[in-house]
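Notes to accompany the following structure.
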Amino acid sequence: MRNGTNILAVFGSTGSIGCNTLEVVRRHPEHFRVRYLTGNSNADLLIAQVREFRPAAVAVTDPAAESAVRDAVGDQTEILSGTDALTQLAGRDDYDTMVSSLVGFAGLLPTVTAIRAGKNIALANKETLVVAGEIITGLLKERDVHLLPIDSEHSAILQCIVGEPGHSVARIVLTASGGPFRGRTAGEIADVTPAAALQHPNWSMGSKITIDSATLMNKGLEVIEAHWLFGVDASAIDVVVHPQSIIHSMVEFSDGSVKAQLGVPDMKIPIHYALTWPDRIAADYERLNLADVGTLTFEQPDLETFSCLRLAYQALEEGGTAPACLNAANEVAVAAFLRGDLSFPGIAQLIDDSLQHVPTLPAEEIDSVVDIDRQAREHAAASLTRLKTLT
Ligand code: NDP
Ligand code: MG
């Protein structure tokens with residue numbers, strides 16, 4: 001934000017990041033205004049958000065939710081529905097910044113549409129950069145728009161490199177909490193339940209990213225995200241497990257100096273930064289008290305037990321559509337695990353199998369990415385059916 005009010009389109013306003021974004025808006029009405037909101041299945045929450053924030057229009061993708069929203073607030077706001085509702089809203093010209101906080105591949109096309117329309121993006125939906133990093137970075141340059149990360153690690157890295165010459169960045173160190181199963185052996189995670197995997201030690205988030213945090217795939221997706229955001233090779237992106245989630249990430253410079261960004265684990269802080277960059281606007285979020293925290297610890301990630309992180313590095317090295325395949329297979333696998341149709345170690349197995357069997361193509365066109373996403377989902381779903389028949 002440079003001057004005045006930042007007019008927002010919050011995509012995925014009924015999710016965890018969406019709600020945190022609206023809390024940032026609620027606390028700073030002089031700086032932010034909401035023009036558009038979108039939800040999928042949570043009609044009650046979307047209705048409450050419409051009543052409070054009075055958006056000009058909302059998009060609702062789930063048909064049952066759409067009719068509930070229309071009945072309740074159809075006379076107060078325009079309601080868009082159907083398959084292209086999100087891209088229709090994203091392409092409108094009367095907002096400044098899209099908060100891209102849909103979960104998964106569903107975020108890609110609306111985000112691309114917003115960039116093409118010249119909007120700045122506050123990006124939580126890391127899957128967009130994972131599957132189409134090359135396309136997105138090209139479009140950002142072409143349209144001369146900014147994409148600011150909401151992910152706490154990438155917000156930390158951005159804050160570390162502000163004011164530094166680009167050539168001086170030697171290494172990025174992403175911190176990871178390690179999730180609920182940190183320190184366990186392969187045998188000890190073989191039978192873990194969805195309920196246990198949904199208990200994240202430090203952050204309260206949507207179910208998909210919470211499972212990704214338990215498998216360490218979230219960190220793998222973040223390695224790919226960091227590669228595209230900061231132009232750093234996979235070999236210069238490290239992951240260190242830091243269970244307290246106080247240091248949000250670090251940058252090592254060419255002279256050996258290391259900068260870190262710290263704060264309490266509260267997503268409102270990186271959301272606020274993404275929406276006010278390049279300025280800093282005073283806010284009263286919870287302050288960090290290091291004496292209360294006491295000890296900060298660090299350990300190596302266990303890539304054998306948590307092989308999703310290793311698979312993400314492998315997909316990034318392979319390039320092209322391999323990260324799109326990794327992402328699609330992960331989405332299928334996580335949904336199957338949450339339904340009780342796949343074991344926890346089965347998530348990595350399904351992704352590994354998809355990476356081996358789905359072809360890797362150049363990822364220079366959206367259509368190729370969409371096509372590989374579909375192929376990888378079909379392959380993973382077929383493997384899942386085979387696995388279920390065997391058990
Ligand atoms: P949630 O599951 O809490 O929210 C997802 C949002 O997307 C909801 O508004 C949901 O609608 C909507 N949605 C879900 N599926 C679809 C679909 N197929 N089409 C349209 N809308 C859909 O996710 P989070 O907020 O946790 O995460 C959002 C993104 O932010 C993810 O990419 C995640 O990796 C990233 N992120 C999240 C963090 C966090 O703290 N939560 C931290 C860093 C990154 P509804 O609920 O109405 O069904
Ligand atoms: Mg993160």
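Residue numbering restarts at 1 in every chain; chains get A, B, ... in the order shown in the structure tokens, and ligands count up from 1 in that same order.
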If you count only C-alpha atoms and all ligand atoms, which residues end up within 12 Å of ligand 2, as JSON, numbers by chain?
-> {"A": [17, 123, 124, 125, 126, 127, 149, 150, 151, 152, 153, 154, 155, 156, 157, 174, 175, 176, 177, 178, 179, 202, 203, 204, 205, 209, 210, 212, 213, 216, 217, 218, 219, 220, 221, 222, 223, 224, 225, 226, 239, 245, 247, 248, 249, 265, 266, 267, 270, 271]}
Which neighbours of Thr87 (chain A) fall inside 12 Å, counting only C-alpha atoms, when residues of the same chain fewer than 3 positions from it are skipped, and could you give them as a list in words?
->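 Those residues are Ala9, Phe11, Thr38, Val58, Ala59, Val60, Thr61, Leu80, Ser81, Gly82, Thr83, Asp84, Ala90, Gly91, Arg92, Met98, Ala106, Gly107, Leu108, Leu109, Pro110, Thr111, Val112, Thr113, Ala114, Ile115, Arg116 and Ala117 of chain A.
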Quick one: write out the picked residues with N, CA and C atoms as a JSON list (two decimals), in the first residue's frame?
```
[["chain", "number", "residue", "atom", "x", "y", "z"],
["A", 9, "ALA", "N", -10.11, -7.75, -2.55],
["A", 9, "ALA", "CA", -10.95, -8.87, -2.94],
["A", 9, "ALA", "C", -10.38, -10.08, -2.20],
["A", 11, "PHE", "N", -10.32, -13.74, -1.61],
["A", 11, "PHE", "CA", -10.73, -15.02, -2.21],
["A", 11, "PHE", "C", -10.48, -16.13, -1.20],
["A", 38, "THR", "N", -15.28, -14.36, -1.33],
["A", 38, "THR", "CA", -15.71, -15.63, -1.92],
["A", 38, "THR", "C", -15.68, -16.74, -0.87],
["A", 58, "VAL", "N", -20.24, -11.18, -4.06],
["A", 58, "VAL", "CA", -19.58, -12.38, -3.53],
["A", 58, "VAL", "C", -19.70, -13.49, -4.57],
["A", 59, "ALA", "N", -18.72, -14.39, -4.57],
["A", 59, "ALA", "CA", -18.82, -15.60, -5.40],
["A", 59, "ALA", "C", -18.95, -16.79, -4.46],
["A", 60, "VAL", "N", -19.89, -17.69, -4.78],
["A", 60, "VAL", "CA", -20.09, -18.91, -3.98],
["A", 60, "VAL", "C", -20.03, -20.08, -4.95],
["A", 61, "THR", "N", -19.10, -21.02, -4.68],
["A", 61, "THR", "CA", -18.90, -22.09, -5.65],
["A", 61, "THR", "C", -19.77, -23.32, -5.38],
["A", 80, "LEU", "N", -22.44, -14.19, -7.39],
["A", 80, "LEU", "CA", -22.00, -14.92, -8.58],
["A", 80, "LEU", "C", -21.85, -16.39, -8.22],
["A", 81, "SER", "N", -22.22, -17.27, -9.15],
["A", 81, "SER", "CA", -22.08, -18.70, -8.89],
["A", 81, "SER", "C", -21.67, -19.39, -10.18],
["A", 82, "GLY", "N", -21.42, -20.68, -10.07],
["A", 82, "GLY", "CA", -21.03, -21.44, -11.26],
["A", 82, "GLY", "C", -19.53, -21.54, -11.37],
["A", 83, "THR", "N", -19.10, -22.29, -12.40],
["A", 83, "THR", "CA", -17.68, -22.65, -12.47],
["A", 83, "THR", "C", -16.77, -21.45, -12.69],
["A", 84, "ASP", "N", -17.27, -20.43, -13.41],
["A", 84, "ASP", "CA", -16.35, -19.31, -13.68],
["A", 84, "ASP", "C", -16.61, -18.10, -12.78],
["A", 90, "ALA", "N", -12.45, -12.07, -10.18],
["A", 90, "ALA", "CA", -11.02, -11.72, -10.17],
["A", 90, "ALA", "C", -10.67, -10.74, -11.27],
["A", 91, "GLY", "N", -11.41, -10.80, -12.39],
["A", 91, "GLY", "CA", -11.09, -9.96, -13.54],
["A", 91, "GLY", "C", -11.69, -8.56, -13.48],
["A", 92, "ARG", "N", -12.47, -8.26, -12.44],
["A", 92, "ARG", "CA", -13.09, -6.92, -12.35],
["A", 92, "ARG", "C", -12.03, -5.85, -12.08],
["A", 98, "MET", "N", -5.82, -8.54, -4.62],
["A", 98, "MET", "CA", -6.47, -9.82, -4.34],
["A", 98, "MET", "C", -5.74, -10.50, -3.19],
["A", 106, "ALA", "N", -7.38, -24.91, -6.88],
["A", 106, "ALA", "CA", -8.51, -24.02, -7.18],
["A", 106, "ALA", "C", -8.09, -22.55, -7.18],
["A", 107, "GLY", "N", -6.96, -22.24, -6.53],
["A", 107, "GLY", "CA", -6.52, -20.85, -6.47],
["A", 107, "GLY", "C", -5.83, -20.37, -7.73],
["A", 108, "LEU", "N", -5.39, -21.30, -8.58],
["A", 108, "LEU", "CA", -4.53, -20.91, -9.71],
["A", 108, "LEU", "C", -5.22, -19.95, -10.68],
["A", 109, "LEU", "N", -6.35, -20.37, -11.26],
["A", 109, "LEU", "CA", -6.93, -19.56, -12.34],
["A", 109, "LEU", "C", -7.42, -18.19, -11.87],
["A", 110, "PRO", "N", -8.08, -18.09, -10.69],
["A", 110, "PRO", "CA", -8.45, -16.75, -10.22],
["A", 110, "PRO", "C", -7.22, -15.85, -10.00],
["A", 111, "THR", "N", -6.12, -16.43, -9.48],
["A", 111, "THR", "CA", -4.93, -15.61, -9.22],
["A", 111, "THR", "C", -4.31, -15.14, -10.54],
["A", 112, "VAL", "N", -4.24, -16.04, -11.51],
["A", 112, "VAL", "CA", -3.70, -15.67, -12.82],
["A", 112, "VAL", "C", -4.57, -14.57, -13.44],
["A", 113, "THR", "N", -5.89, -14.72, -13.32],
["A", 113, "THR", "CA", -6.81, -13.71, -13.88],
["A", 113, "THR", "C", -6.57, -12.35, -13.23],
["A", 114, "ALA", "N", -6.38, -12.34, -11.91],
["A", 114, "ALA", "CA", -6.15, -11.07, -11.21],
["A", 114, "ALA", "C", -4.83, -10.43, -11.65],
["A", 115, "ILE", "N", -3.80, -11.23, -11.83],
["A", 115, "ILE", "CA", -2.52, -10.66, -12.28],
["A", 115, "ILE", "C", -2.68, -10.08, -13.68],
["A", 116, "ARG", "N", -3.37, -10.84, -14.53],
["A", 116, "ARG", "CA", -3.59, -10.34, -15.90],
["A", 116, "ARG", "C", -4.37, -9.03, -15.88],
["A", 117, "ALA", "N", -5.25, -8.86, -14.86],
["A", 117, "ALA", "CA", -6.04, -7.62, -14.76],
["A", 117, "ALA", "C", -5.23, -6.51, -14.07]]
```
Exercise: Glu364 (chain A) partners within 8 Å, only C-alpha atoms, chain neighbours under 5 positions left out, as an MDAnalysis selection string | chainID A and resid 134:135 320
Would you mind listing what lies within 9 Å of Asp302 (chain A) as an NGL selection string, with only C-alpha atoms counted and same-chain residues fewer than 4 positions away left out?
-> :A and (182-183 or 306-307)
Produce a file of the selected residues containing N, CA, C and O atoms, as an mmCIF file, in the first residue's frame.
```cif
data_model
loop_
_atom_site.group_PDB
_atom_site.id
_atom_site.type_symbol
_atom_site.label_atom_id
_atom_site.label_comp_id
_atom_site.auth_asym_id
_atom_site.auth_seq_id
_atom_site.Cartn_x
_atom_site.Cartn_y
_atom_site.Cartn_z
ATOM 1 N N ARG A 182 6.856 -34.835 14.983
ATOM 2 C CA ARG A 182 8.306 -34.592 15.019
ATOM 3 C C ARG A 182 8.984 -35.569 15.970
ATOM 4 O O ARG A 182 8.499 -35.799 17.080
ATOM 5 N N GLY A 183 10.091 -36.158 15.513
ATOM 6 C CA GLY A 183 10.864 -37.044 16.384
ATOM 7 C C GLY A 183 10.407 -38.497 16.344
ATOM 8 O O GLY A 183 11.065 -39.375 16.875
ATOM 9 N N PHE A 306 9.944 -38.572 6.855
ATOM 10 C CA PHE A 306 9.015 -37.590 6.263
ATOM 11 C C PHE A 306 9.453 -37.340 4.814
ATOM 12 O O PHE A 306 9.984 -36.280 4.476
ATOM 13 N N SER A 307 9.231 -38.353 3.970
ATOM 14 C CA SER A 307 9.819 -38.304 2.626
ATOM 15 C C SER A 307 9.115 -37.326 1.694
ATOM 16 O O SER A 307 9.608 -37.069 0.593
#
```
Shell around Gln349 (chain A) at 12 Å using only C-alpha atoms, local window under 2 positions removed, as a list in words |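 Selected residues are Thr215, Thr305, Phe306, Ser307, Cys308, Leu311, Leu326, Ala329, Asn330, Ala333, Val334, Leu342, Ser343, Phe344, Pro345, Gly346, Ile347, Ile351, Asp352, Asp353, Ser354, Leu355, Gln356, Ala380, Ser383, Leu384 and Leu387 of chain A.
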Write the residues of the preceding selection, restricted to N, CA, C and O atoms, as a JSON list (two decimals), in the first residue's frame.
```json
[["chain", "number", "residue", "atom", "x", "y", "z"],
["A", 215, "THR", "N", 3.07, -34.03, 7.36],
["A", 215, "THR", "CA", 3.90, -34.87, 6.47],
["A", 215, "THR", "C", 5.21, -34.16, 6.08],
["A", 215, "THR", "O", 6.07, -34.77, 5.45],
["A", 305, "THR", "N", 11.92, -40.51, 7.20],
["A", 305, "THR", "CA", 10.57, -40.74, 7.76],
["A", 305, "THR", "C", 9.55, -39.82, 7.09],
["A", 305, "THR", "O", 8.43, -40.24, 6.80],
["A", 306, "PHE", "N", 9.94, -38.57, 6.86],
["A", 306, "PHE", "CA", 9.02, -37.59, 6.26],
["A", 306, "PHE", "C", 9.45, -37.34, 4.81],
["A", 306, "PHE", "O", 9.98, -36.28, 4.48],
["A", 307, "SER", "N", 9.23, -38.35, 3.97],
["A", 307, "SER", "CA", 9.82, -38.30, 2.63],
["A", 307, "SER", "C", 9.11, -37.33, 1.69],
["A", 307, "SER", "O", 9.61, -37.07, 0.59],
["A", 308, "CYS", "N", 7.96, -36.77, 2.09],
["A", 308, "CYS", "CA", 7.30, -35.77, 1.23],
["A", 308, "CYS", "C", 8.23, -34.58, 0.97],
["A", 308, "CYS", "O", 8.23, -34.02, -0.14],
["A", 311, "LEU", "N", 10.60, -35.57, -1.72],
["A", 311, "LEU", "CA", 9.92, -35.63, -3.02],
["A", 311, "LEU", "C", 9.72, -34.24, -3.61],
["A", 311, "LEU", "O", 9.80, -34.05, -4.83],
["A", 326, "LEU", "N", 3.31, -33.31, -8.42],
["A", 326, "LEU", "CA", 3.48, -33.51, -6.96],
["A", 326, "LEU", "C", 2.29, -32.92, -6.21],
["A", 326, "LEU", "O", 1.70, -33.55, -5.33],
["A", 329, "ALA", "N", -1.11, -34.90, -6.86],
["A", 329, "ALA", "CA", -1.13, -36.20, -6.17],
["A", 329, "ALA", "C", -1.25, -35.96, -4.66],
["A", 329, "ALA", "O", -1.96, -36.71, -3.96],
["A", 330, "ASN", "N", -0.60, -34.92, -4.17],
["A", 330, "ASN", "CA", -0.71, -34.61, -2.74],
["A", 330, "ASN", "C", -2.14, -34.25, -2.36],
["A", 330, "ASN", "O", -2.65, -34.70, -1.33],
["A", 333, "ALA", "N", -4.11, -37.37, -2.24],
["A", 333, "ALA", "CA", -3.68, -38.22, -1.12],
["A", 333, "ALA", "C", -4.16, -37.66, 0.23],
["A", 333, "ALA", "O", -4.63, -38.41, 1.09],
["A", 334, "VAL", "N", -4.06, -36.35, 0.40],
["A", 334, "VAL", "CA", -4.48, -35.75, 1.67],
["A", 334, "VAL", "C", -5.99, -35.92, 1.87],
["A", 334, "VAL", "O", -6.45, -36.28, 2.96],
["A", 342, "LEU", "N", -6.68, -43.82, 3.15],
["A", 342, "LEU", "CA", -5.25, -43.96, 2.89],
["A", 342, "LEU", "C", -4.52, -43.78, 4.22],
["A", 342, "LEU", "O", -4.89, -42.93, 5.03],
["A", 343, "SER", "N", -3.45, -44.59, 4.40],
["A", 343, "SER", "CA", -2.67, -44.45, 5.63],
["A", 343, "SER", "C", -1.80, -43.20, 5.53],
["A", 343, "SER", "O", -1.60, -42.64, 4.45],
["A", 344, "PHE", "N", -1.23, -42.78, 6.66],
["A", 344, "PHE", "CA", -0.36, -41.60, 6.66],
["A", 344, "PHE", "C", 0.87, -41.82, 5.78],
["A", 344, "PHE", "O", 1.16, -40.98, 4.90],
["A", 345, "PRO", "N", 1.59, -42.95, 5.90],
["A", 345, "PRO", "CA", 2.73, -43.15, 4.99],
["A", 345, "PRO", "C", 2.29, -43.32, 3.54],
["A", 345, "PRO", "O", 3.07, -43.07, 2.62],
["A", 346, "GLY", "N", 1.04, -43.72, 3.33],
["A", 346, "GLY", "CA", 0.52, -43.88, 1.97],
["A", 346, "GLY", "C", 0.50, -42.57, 1.20],
["A", 346, "GLY", "O", 0.54, -42.57, -0.03],
["A", 347, "ILE", "N", 0.45, -41.43, 1.91],
["A", 347, "ILE", "CA", 0.44, -40.13, 1.23],
["A", 347, "ILE", "C", 1.71, -39.99, 0.38],
["A", 347, "ILE", "O", 1.65, -39.73, -0.83],
["A", 351, "ILE", "N", 2.26, -40.09, -3.90],
["A", 351, "ILE", "CA", 2.91, -38.98, -4.62],
["A", 351, "ILE", "C", 4.12, -39.51, -5.40],
["A", 351, "ILE", "O", 4.32, -39.18, -6.58],
["A", 352, "ASP", "N", 4.92, -40.35, -4.76],
["A", 352, "ASP", "CA", 6.11, -40.92, -5.40],
["A", 352, "ASP", "C", 5.69, -41.68, -6.66],
["A", 352, "ASP", "O", 6.27, -41.51, -7.74],
["A", 353, "ASP", "N", 4.66, -42.49, -6.53],
["A", 353, "ASP", "CA", 4.16, -43.27, -7.66],
["A", 353, "ASP", "C", 3.70, -42.36, -8.80],
["A", 353, "ASP", "O", 4.00, -42.61, -9.97],
["A", 354, "SER", "N", 3.01, -41.28, -8.46],
["A", 354, "SER", "CA", 2.53, -40.36, -9.51],
["A", 354, "SER", "C", 3.70, -39.68, -10.19],
["A", 354, "SER", "O", 3.71, -39.52, -11.42],
["A", 355, "LEU", "N", 4.72, -39.27, -9.42],
["A", 355, "LEU", "CA", 5.89, -38.61, -10.03],
["A", 355, "LEU", "C", 6.59, -39.56, -11.00],
["A", 355, "LEU", "O", 7.13, -39.14, -12.02],
["A", 356, "GLN", "N", 6.57, -40.86, -10.67],
["A", 356, "GLN", "CA", 7.23, -41.83, -11.55],
["A", 356, "GLN", "C", 6.45, -42.10, -12.83],
["A", 356, "GLN", "O", 7.05, -42.43, -13.85],
["A", 380, "ALA", "N", -3.46, -40.72, -9.59],
["A", 380, "ALA", "CA", -3.46, -40.95, -8.14],
["A", 380, "ALA", "C", -4.77, -41.62, -7.70],
["A", 380, "ALA", "O", -4.76, -42.52, -6.86],
["A", 383, "SER", "N", -4.57, -45.28, -8.62],
["A", 383, "SER", "CA", -3.66, -46.00, -7.70],
["A", 383, "SER", "C", -4.34, -46.24, -6.36],
["A", 383, "SER", "O", -4.18, -47.28, -5.73],
["A", 384, "LEU", "N", -5.11, -45.24, -5.95],
["A", 384, "LEU", "CA", -5.82, -45.34, -4.67],
["A", 384, "LEU", "C", -6.83, -46.48, -4.72],
["A", 384, "LEU", "O", -6.93, -47.28, -3.78],
["A", 387, "LEU", "N", -4.98, -49.70, -4.49],
["A", 387, "LEU", "CA", -4.53, -49.95, -3.11],
["A", 387, "LEU", "C", -5.67, -50.45, -2.24],
["A", 387, "LEU", "O", -5.52, -51.36, -1.44]]
```
Atom pair CA of His28 (chain A) / CA of Arg54 (chain A): separation (Å) |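 These atoms are spaced 15.8 Å apart.
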Selection near Arg70 (chain A), 10 Å with only C-alpha atoms, sequence-local residues under 5 positions removed, as number ranges by chain | A: 43, 47, 60, 65, 75-80
